[in-house]
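Q: Data file data.cif (mmCIF, C-alpha atoms and all ligand atoms) is appended below.
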```
data_protein
loop_
_atom_site.label_atom_id
_atom_site.label_comp_id
_atom_site.auth_asym_id
_atom_site.auth_seq_id
_atom_site.Cartn_x
_atom_site.Cartn_y
_atom_site.Cartn_z
CA MET A 32 68.47 71.33 72.22
CA ASN A 33 67.39 68.77 69.67
CA ARG A 34 69.81 66.96 67.40
CA ASP A 35 68.98 69.02 64.31
CA GLU A 36 69.90 72.27 66.08
CA MET A 37 73.25 71.05 67.38
CA LYS A 38 76.51 72.43 65.98
CA ILE A 39 80.07 71.25 66.50
CA PRO A 40 83.07 73.47 65.71
CA LEU A 41 85.58 71.61 63.54
CA ILE A 42 89.06 72.62 62.58
CA GLU A 43 89.61 69.85 60.03
CA TYR A 44 88.55 66.42 58.81
CA PHE A 45 90.54 63.98 56.70
CA ALA A 46 91.21 60.32 55.96
CA SER A 47 94.52 58.85 57.08
CA PHE A 48 95.90 56.15 59.36
CA GLU A 49 95.66 56.02 63.15
CA GLY A 50 99.00 57.48 64.21
CA GLU A 51 99.48 56.11 67.73
CA GLY A 52 98.00 53.81 70.34
CA LEU A 53 96.70 50.27 70.01
CA MET A 54 94.88 50.85 66.71
CA VAL A 55 97.97 52.34 65.07
CA GLY A 56 97.98 51.96 61.31
CA THR A 57 94.20 51.47 61.01
CA PRO A 58 92.58 53.45 58.17
CA THR A 59 90.55 56.14 59.91
CA ILE A 60 88.51 59.23 59.18
CA PHE A 61 89.50 61.97 61.63
CA VAL A 62 87.02 64.59 62.75
CA ARG A 63 88.97 67.21 64.68
CA VAL A 64 87.00 69.55 66.94
CA TYR A 65 88.09 72.97 67.99
CA GLY A 66 89.18 74.02 71.47
CA CYS A 67 91.48 72.52 74.09
CA PRO A 68 92.17 73.94 77.56
CA VAL A 69 94.98 71.45 78.28
CA LYS A 70 97.77 72.96 76.15
CA CYS A 71 100.39 70.22 76.32
CA LYS A 72 103.90 71.44 75.64
CA TRP A 73 104.45 68.86 72.89
CA CYS A 74 100.97 69.13 71.32
CA ASP A 75 101.14 68.48 67.57
CA THR A 76 97.92 70.43 66.88
CA PRO A 77 98.26 73.70 68.86
CA GLU A 78 96.10 75.35 66.20
CA SER A 79 93.18 73.42 67.74
CA TRP A 80 93.49 75.14 71.15
CA GLU A 81 91.61 78.38 70.83
CA LEU A 82 88.02 78.89 69.81
CA ALA A 83 88.73 81.47 67.16
CA SER A 84 87.61 82.38 63.67
CA LEU A 85 89.54 79.44 62.15
CA GLY A 86 86.91 76.96 63.29
CA GLN A 87 83.60 76.48 61.56
CA ASP A 88 80.39 75.13 63.04
CA TYR A 89 78.91 72.05 61.40
CA SER A 90 75.58 70.35 61.99
CA ILE A 91 75.53 66.65 62.72
CA GLN A 92 74.03 65.96 59.29
CA GLU A 93 76.84 67.98 57.64
CA ILE A 94 79.47 65.98 59.53
CA LEU A 95 77.78 62.72 58.52
CA ASP A 96 77.83 63.87 54.87
CA ILE A 97 81.55 64.72 55.18
CA VAL A 98 82.35 61.34 56.73
CA ASN A 99 80.33 59.49 54.06
CA LYS A 100 82.17 61.38 51.32
CA LEU A 101 85.62 60.72 52.83
CA SER A 102 84.71 57.07 53.29
CA SER A 103 83.51 56.58 49.72
CA GLU A 104 86.60 58.39 48.35
CA ASN A 105 89.01 56.34 50.45
CA GLY A 106 88.14 52.68 50.08
CA GLY A 107 85.05 52.65 52.31
CA ILE A 108 86.79 53.42 55.64
CA LYS A 109 84.50 52.47 58.51
CA ARG A 110 86.46 53.74 61.51
CA VAL A 111 85.94 57.34 62.63
CA SER A 112 88.02 58.99 65.34
CA ILE A 113 86.59 62.09 66.98
CA THR A 114 89.63 63.98 68.15
CA GLY A 115 90.76 67.48 68.94
CA GLY A 116 91.29 69.64 70.61
CA GLU A 117 89.22 68.11 73.38
CA PRO A 118 85.92 66.65 72.09
CA LEU A 119 84.50 66.43 75.63
CA LEU A 120 84.09 70.22 75.57
CA TYR A 121 80.90 69.38 73.61
CA PRO A 122 79.60 66.24 75.35
CA GLN A 123 75.96 66.24 74.19
CA GLU A 124 76.80 67.12 70.61
CA ILE A 125 79.55 64.49 70.47
CA LEU A 126 77.21 61.90 71.95
CA GLU A 127 74.55 62.57 69.30
CA LEU A 128 77.10 62.61 66.49
CA THR A 129 78.44 59.25 67.64
CA LYS A 130 74.98 57.69 67.70
CA VAL A 131 74.28 58.95 64.18
CA LEU A 132 77.60 57.64 62.86
CA GLN A 133 77.06 54.26 64.51
CA ASN A 134 73.57 54.08 62.96
CA HIS A 135 75.37 54.36 59.63
CA ASP A 136 77.66 51.44 60.50
CA TYR A 137 80.70 53.44 61.52
CA TYR A 138 82.91 52.27 64.35
CA VAL A 139 83.59 55.37 66.46
CA ASN A 140 86.61 56.11 68.62
CA LEU A 141 86.95 59.04 71.01
CA GLU A 142 90.41 60.52 71.47
CA THR A 143 90.46 62.42 74.75
CA SER A 144 93.02 64.09 76.96
CA GLY A 145 92.42 62.30 80.26
CA THR A 146 91.62 65.58 82.00
CA LEU A 147 87.82 65.64 81.45
CA PHE A 148 85.56 62.71 82.31
CA ASN A 149 82.01 62.00 81.23
CA PHE A 150 81.14 58.38 81.88
CA PRO A 151 77.65 58.38 80.26
CA VAL A 152 79.26 59.73 77.07
CA PHE A 153 82.17 57.27 77.30
CA LYS A 154 79.76 54.33 77.21
CA GLN A 155 78.51 55.24 73.73
CA PHE A 156 81.87 54.86 71.99
CA ASN A 157 83.14 51.67 70.44
CA THR A 158 86.56 52.55 71.83
CA LEU A 159 88.15 55.38 73.78
CA SER A 160 91.76 56.33 73.60
CA MET A 161 92.85 58.35 76.61
CA ASP A 162 96.19 59.87 77.51
CA ILE A 163 97.89 59.66 80.85
CA LYS A 164 99.65 63.01 80.78
CA THR A 165 103.30 62.92 81.86
CA PRO A 166 105.26 65.83 83.41
CA SER A 167 106.79 66.79 80.05
CA SER A 168 103.29 67.71 78.82
CA GLY A 169 103.12 70.45 81.47
CA VAL A 170 99.86 68.94 82.82
CA VAL A 171 99.67 68.10 86.52
CA LEU A 172 97.36 65.14 87.13
CA THR A 173 95.41 65.43 90.38
CA GLN A 174 94.48 62.44 92.54
CA ASP A 175 90.87 62.85 91.37
CA MET A 176 91.95 62.64 87.74
CA ILE A 177 93.98 59.51 88.44
CA LYS A 178 90.95 58.00 90.19
CA SER A 179 88.73 58.84 87.20
CA ILE A 180 91.21 57.32 84.73
CA THR A 181 91.13 54.11 86.76
CA GLU A 182 87.33 54.15 86.88
CA GLY A 183 87.15 54.74 83.12
CA TYR A 184 89.58 51.90 82.49
CA PHE A 185 87.43 49.38 84.31
CA LYS A 186 83.97 50.68 83.32
CA SER A 187 84.32 51.45 79.61
CA ASN A 188 86.11 50.36 76.48
CA LEU A 189 89.02 52.61 77.35
CA TYR A 190 92.56 52.20 76.16
CA LEU A 191 95.34 54.15 77.80
CA LYS A 192 98.42 55.57 76.20
CA VAL A 193 101.32 57.50 77.62
CA VAL A 194 103.51 59.78 75.58
CA ILE A 195 107.06 59.52 76.91
CA SER A 196 109.33 62.45 76.21
CA SER A 197 112.04 62.29 78.88
CA GLN A 198 113.61 60.22 81.64
CA GLU A 199 111.56 62.34 84.09
CA ASP A 200 108.40 61.02 82.38
CA LEU A 201 109.56 57.44 82.82
CA ASP A 202 110.45 57.98 86.49
CA TRP A 203 107.04 59.61 87.10
CA LEU A 204 105.24 56.82 85.32
CA GLU A 205 107.03 54.17 87.34
CA GLN A 206 105.73 55.82 90.54
CA THR A 207 102.25 56.69 89.28
CA PHE A 208 101.21 53.74 87.16
CA PRO A 209 100.69 51.32 90.07
CA LYS A 210 98.25 53.87 91.54
CA ILE A 211 96.22 53.79 88.32
CA LEU A 212 96.04 50.09 87.61
CA THR A 213 96.40 47.01 89.70
CA SER A 214 98.51 44.11 88.61
CA ASP A 215 95.44 42.18 87.46
CA SER A 216 94.77 44.87 84.83
CA THR A 217 96.30 42.75 82.13
CA CYS A 218 93.25 42.49 79.88
CA LYS A 219 94.02 45.71 78.01
CA PRO A 220 97.57 46.72 77.22
CA LEU A 221 98.98 50.11 78.15
CA SER A 222 100.59 51.72 75.15
CA LEU A 223 103.87 53.55 75.77
CA THR A 224 104.44 56.07 73.02
CA PRO A 225 107.93 57.50 72.66
CA CYS A 226 107.37 61.12 71.68
CA VAL A 227 108.97 62.12 68.42
CA PRO A 228 110.05 65.68 69.25
CA PRO A 229 109.80 68.36 66.56
CA ASP A 230 113.58 68.62 66.16
CA VAL A 231 113.71 64.93 65.27
CA LEU A 232 111.11 65.21 62.56
CA TYR A 233 111.95 65.69 59.00
CA SER A 234 109.34 66.30 56.41
CA LEU A 235 109.30 65.27 52.78
CA GLU A 236 110.47 68.81 52.00
CA ASP A 237 113.44 68.39 54.34
CA GLN A 238 114.30 65.13 52.63
CA GLU A 239 114.04 66.68 49.19
CA ASN A 240 116.28 69.54 50.37
CA GLY A 241 118.73 67.06 51.91
CA THR A 242 118.06 68.41 55.43
CA ASP A 243 118.18 65.41 57.74
CA LYS A 244 117.18 66.51 61.24
CA ALA A 245 116.82 63.05 62.70
CA ASP A 246 118.37 62.81 66.16
CA ILE A 247 118.73 59.06 65.98
CA ILE A 248 121.03 58.84 69.03
CA GLY A 249 118.55 60.73 71.26
CA VAL A 250 115.68 58.53 70.14
CA ALA A 251 117.73 55.36 70.66
CA ARG A 252 118.66 56.43 74.23
CA GLN A 253 115.00 56.94 75.04
CA GLY A 254 114.22 53.55 73.54
CA LYS A 255 116.75 51.85 75.83
CA SER A 256 115.21 53.47 78.93
CA ILE A 257 111.73 52.43 77.84
CA MET A 258 112.91 48.89 77.25
CA ASP A 259 114.41 48.73 80.76
CA LEU A 260 111.09 49.88 82.25
CA VAL A 261 109.05 47.37 80.26
CA TRP A 262 111.29 44.50 81.43
CA ARG A 263 110.81 45.60 85.05
CA TRP A 264 107.02 45.71 84.62
CA ASN A 265 106.62 42.76 82.34
CA LYS A 266 105.44 40.30 85.00
CA SER A 267 102.77 42.66 86.36
CA TYR A 268 101.37 44.58 83.41
CA ASN A 269 100.60 44.23 79.76
CA ILE A 270 102.74 46.91 78.09
CA VAL A 271 103.24 47.58 74.40
CA VAL A 272 105.58 50.17 72.89
CA ILE A 273 104.13 51.87 69.81
CA PRO A 274 105.74 54.79 67.97
CA GLN A 275 103.91 57.81 66.57
CA ILE A 276 103.78 56.77 62.92
CA HIS A 277 101.96 59.87 61.73
CA LYS A 278 105.00 61.95 62.65
CA ILE A 279 107.56 59.51 61.31
CA TYR A 280 105.85 59.15 57.95
CA SER A 281 104.46 62.70 57.73
CA PHE A 282 100.90 61.40 57.58
CA GLN A 283 98.36 64.14 58.10
S1 LIG A 301 95.15 67.40 75.09
FE1 LIG A 301 95.64 66.87 72.98
S2 LIG A 301 94.91 68.62 71.74
FE2 LIG A 301 94.98 69.30 73.89
S3 LIG A 301 96.99 70.26 74.08
FE3 LIG A 301 97.23 68.12 74.75
S4 LIG A 301 97.89 67.01 72.90
FE4 LIG A 301 97.06 69.01 72.22
#
```
Kindly return the structure encoded in the file as structure tokens.
A:
Amino acid sequence: MNRDEMKIPLIEYFASFEGEGLMVGTPTIFVRVYGCPVKCKWCDTPESWELASLGQDYSIQEILDIVNKLSSENGGIKRVSITGGEPLLYPQEILELTKVLQNHDYYVNLETSGTLFNFPVFKQFNTLSMDIKTPSSGVVLTQDMIKSITEGYFKSNLYLKVVISSQEDLDWLEQTFPKILTSDSTCKPLSLTPCVPPDVLYSLEDQENGTDKADIIGVARQGKSIMDLVWRWNKSYNIVVIPQIHKIYSFQ
């Protein structure tokens, strides 16, 4: 199929800030594709899972026009994150879209689940942000997946992040992480992301209604456990702890 015939199903597109990971806080245009087979228990976009009538197919030119418009309306943002859903469900289309965006001077990030791997596609991106799924997500990582994550880490511009939602996640990570990276993997930090669970969130509406759902004690306990882990690993790995700011500040 040639580039002009390609279509990508999108659920939404918008300008905001990167919400988690090493580029947190960076102004970004998000292009969210439809469809995800992973179905994490704490997914914040479950509406992106199913290929249903909600999604609409866009040509690559239409997506470029959308990105150009969002950029010009929002201070000339030059970073685009292709997210989902799982963008690697459409590898050729995503590859072509990325080339077109880069030809128009955009810096393109791929946000991917760490369950699908496509190394030729990975190479095209300026950066990749990949999850290591913990037990609380409901995803079971196979040995092959762990091997592929390691390969991706060393062969592409891949940054890893881990959403931590429980002590079980931390215990699992402590056992699994040394299988993924060796202790000389200090060039790129691993981002630990304490999950902000839905019952901790409070929206602007909640605040206006005086409904404060913040479970500050629960979050603080998790923070202490994460801190203990980072101190244990500090000599061997480059770890940073970065919260999910899009949830805390109700960014889109
Ligand atoms: S991989 Fe991402 S989009 Fe898919 S279910 Fe998990 S968090 Fe949601």
Q: Residues within 9 Å of Asp136 of chain A, please, as a list in words. Count only C-alpha atoms; anything in the same chain fewer than 3 positions from it doesn't count.
A: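 After dropping sequence-adjacent residues, the list is Lys109, Leu132 and Gln133 of chain A.
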Q: As a PyMOL selection string, please: every protein or nucleic acid residue near ligand LIG 301 (chain A) (cut-off 10 Å, counting all atoms listed in the file).
A: chain A and resi 63-80+114-118+142-147+161-162+164+168-170+194
Q: Would you save the residues of that selection, restricted to C-alpha atoms, as a short mmCIF file (atom, residue, chain, number, x, y, z; two decimals), keeping the file's coordinate frame?
A:
```
data_model
loop_
_atom_site.label_atom_id
_atom_site.label_comp_id
_atom_site.auth_asym_id
_atom_site.auth_seq_id
_atom_site.Cartn_x
_atom_site.Cartn_y
_atom_site.Cartn_z
CA ARG A 63 88.97 67.21 64.68
CA VAL A 64 87.00 69.55 66.94
CA TYR A 65 88.09 72.97 67.99
CA GLY A 66 89.18 74.02 71.47
CA CYS A 67 91.48 72.52 74.09
CA PRO A 68 92.17 73.94 77.56
CA VAL A 69 94.98 71.45 78.28
CA LYS A 70 97.77 72.96 76.15
CA CYS A 71 100.39 70.22 76.32
CA LYS A 72 103.90 71.44 75.64
CA TRP A 73 104.45 68.86 72.89
CA CYS A 74 100.97 69.13 71.32
CA ASP A 75 101.14 68.48 67.57
CA THR A 76 97.92 70.43 66.88
CA PRO A 77 98.26 73.70 68.86
CA GLU A 78 96.10 75.35 66.20
CA SER A 79 93.18 73.42 67.74
CA TRP A 80 93.49 75.14 71.15
CA THR A 114 89.63 63.98 68.15
CA GLY A 115 90.76 67.48 68.94
CA GLY A 116 91.29 69.64 70.61
CA GLU A 117 89.22 68.11 73.38
CA PRO A 118 85.92 66.65 72.09
CA GLU A 142 90.41 60.52 71.47
CA THR A 143 90.46 62.42 74.75
CA SER A 144 93.02 64.09 76.96
CA GLY A 145 92.42 62.30 80.26
CA THR A 146 91.62 65.58 82.00
CA LEU A 147 87.82 65.64 81.45
CA MET A 161 92.85 58.35 76.61
CA ASP A 162 96.19 59.87 77.51
CA LYS A 164 99.65 63.01 80.78
CA SER A 168 103.29 67.71 78.82
CA GLY A 169 103.12 70.45 81.47
CA VAL A 170 99.86 68.94 82.82
CA VAL A 194 103.51 59.78 75.58
#
```
Q: With all atoms listed in the file as the basis for distance, which of A:Gln155, A:Ser90, A:Gln123, A:Thr165 is at the shortest distance from Glu199 of chain A?
A: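 The answer is A:Thr165, which sits nearest to Glu199 of chain A.
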Q: In Å, rounded to a single decimal, give me how far atom CA of Pro58 of chain A is from atom CA of Arg110 of chain A.
A: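 Atom CA of Arg110 of chain A sits 7.0 Å away from atom CA of Pro58 of chain A.
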Q: Between atom CA of Ile273 of chain A and atom CA of Tyr138 of chain A, what distance in Å does the model show, to one decimal?
A: 21.9 Å
Q: Counting only C-alpha atoms, figure out which residue out of A:Pro122, A:Pro151, A:Pro225, A:Pro166 gets nearest to Val271 of chain A.
A: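 Between A:Pro122, A:Pro151, A:Pro225, A:Pro166, the residue approaching Val271 of chain A most closely is A:Pro225.
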Q: For Leu126 of chain A, list every protein, DNA or RNA residue within 12 Å, evaluated using all atoms listed in the file, and leave out those in the same chain fewer than 5 positions away; present the list as a CSV table (one decimal) with C-alpha atoms, in the coordinates of the input.
A:
```csv
chain,number,residue,atom,x,y,z
A,34,ARG,CA,69.8,67.0,67.4
A,37,MET,CA,73.2,71.0,67.4
A,39,ILE,CA,80.1,71.2,66.5
A,91,ILE,CA,75.5,66.6,62.7
A,113,ILE,CA,86.6,62.1,67.0
A,118,PRO,CA,85.9,66.6,72.1
A,119,LEU,CA,84.5,66.4,75.6
A,120,LEU,CA,84.1,70.2,75.6
A,121,TYR,CA,80.9,69.4,73.6
A,131,VAL,CA,74.3,59.0,64.2
A,132,LEU,CA,77.6,57.6,62.9
A,133,GLN,CA,77.1,54.3,64.5
A,139,VAL,CA,83.6,55.4,66.5
A,140,ASN,CA,86.6,56.1,68.6
A,141,LEU,CA,87.0,59.0,71.0
A,149,ASN,CA,82.0,62.0,81.2
A,150,PHE,CA,81.1,58.4,81.9
A,151,PRO,CA,77.6,58.4,80.3
A,152,VAL,CA,79.3,59.7,77.1
A,153,PHE,CA,82.2,57.3,77.3
A,154,LYS,CA,79.8,54.3,77.2
A,155,GLN,CA,78.5,55.2,73.7
A,156,PHE,CA,81.9,54.9,72.0
A,157,ASN,CA,83.1,51.7,70.4
```
Q: Take atom CA of Thr59 of chain A and atom CA of Phe45 of chain A and report the distance between them in Å, one decimal.
A: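 A separation of 8.5 Å between them.
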Q: With all atoms listed in the file as the atoms that count, which of A:Leu128, A:Pro274, A:Ser103, A:Trp203 lies nearest to Val171 of chain A?
A: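 Smallest separation from Val171 of chain A among the options: A:Trp203.
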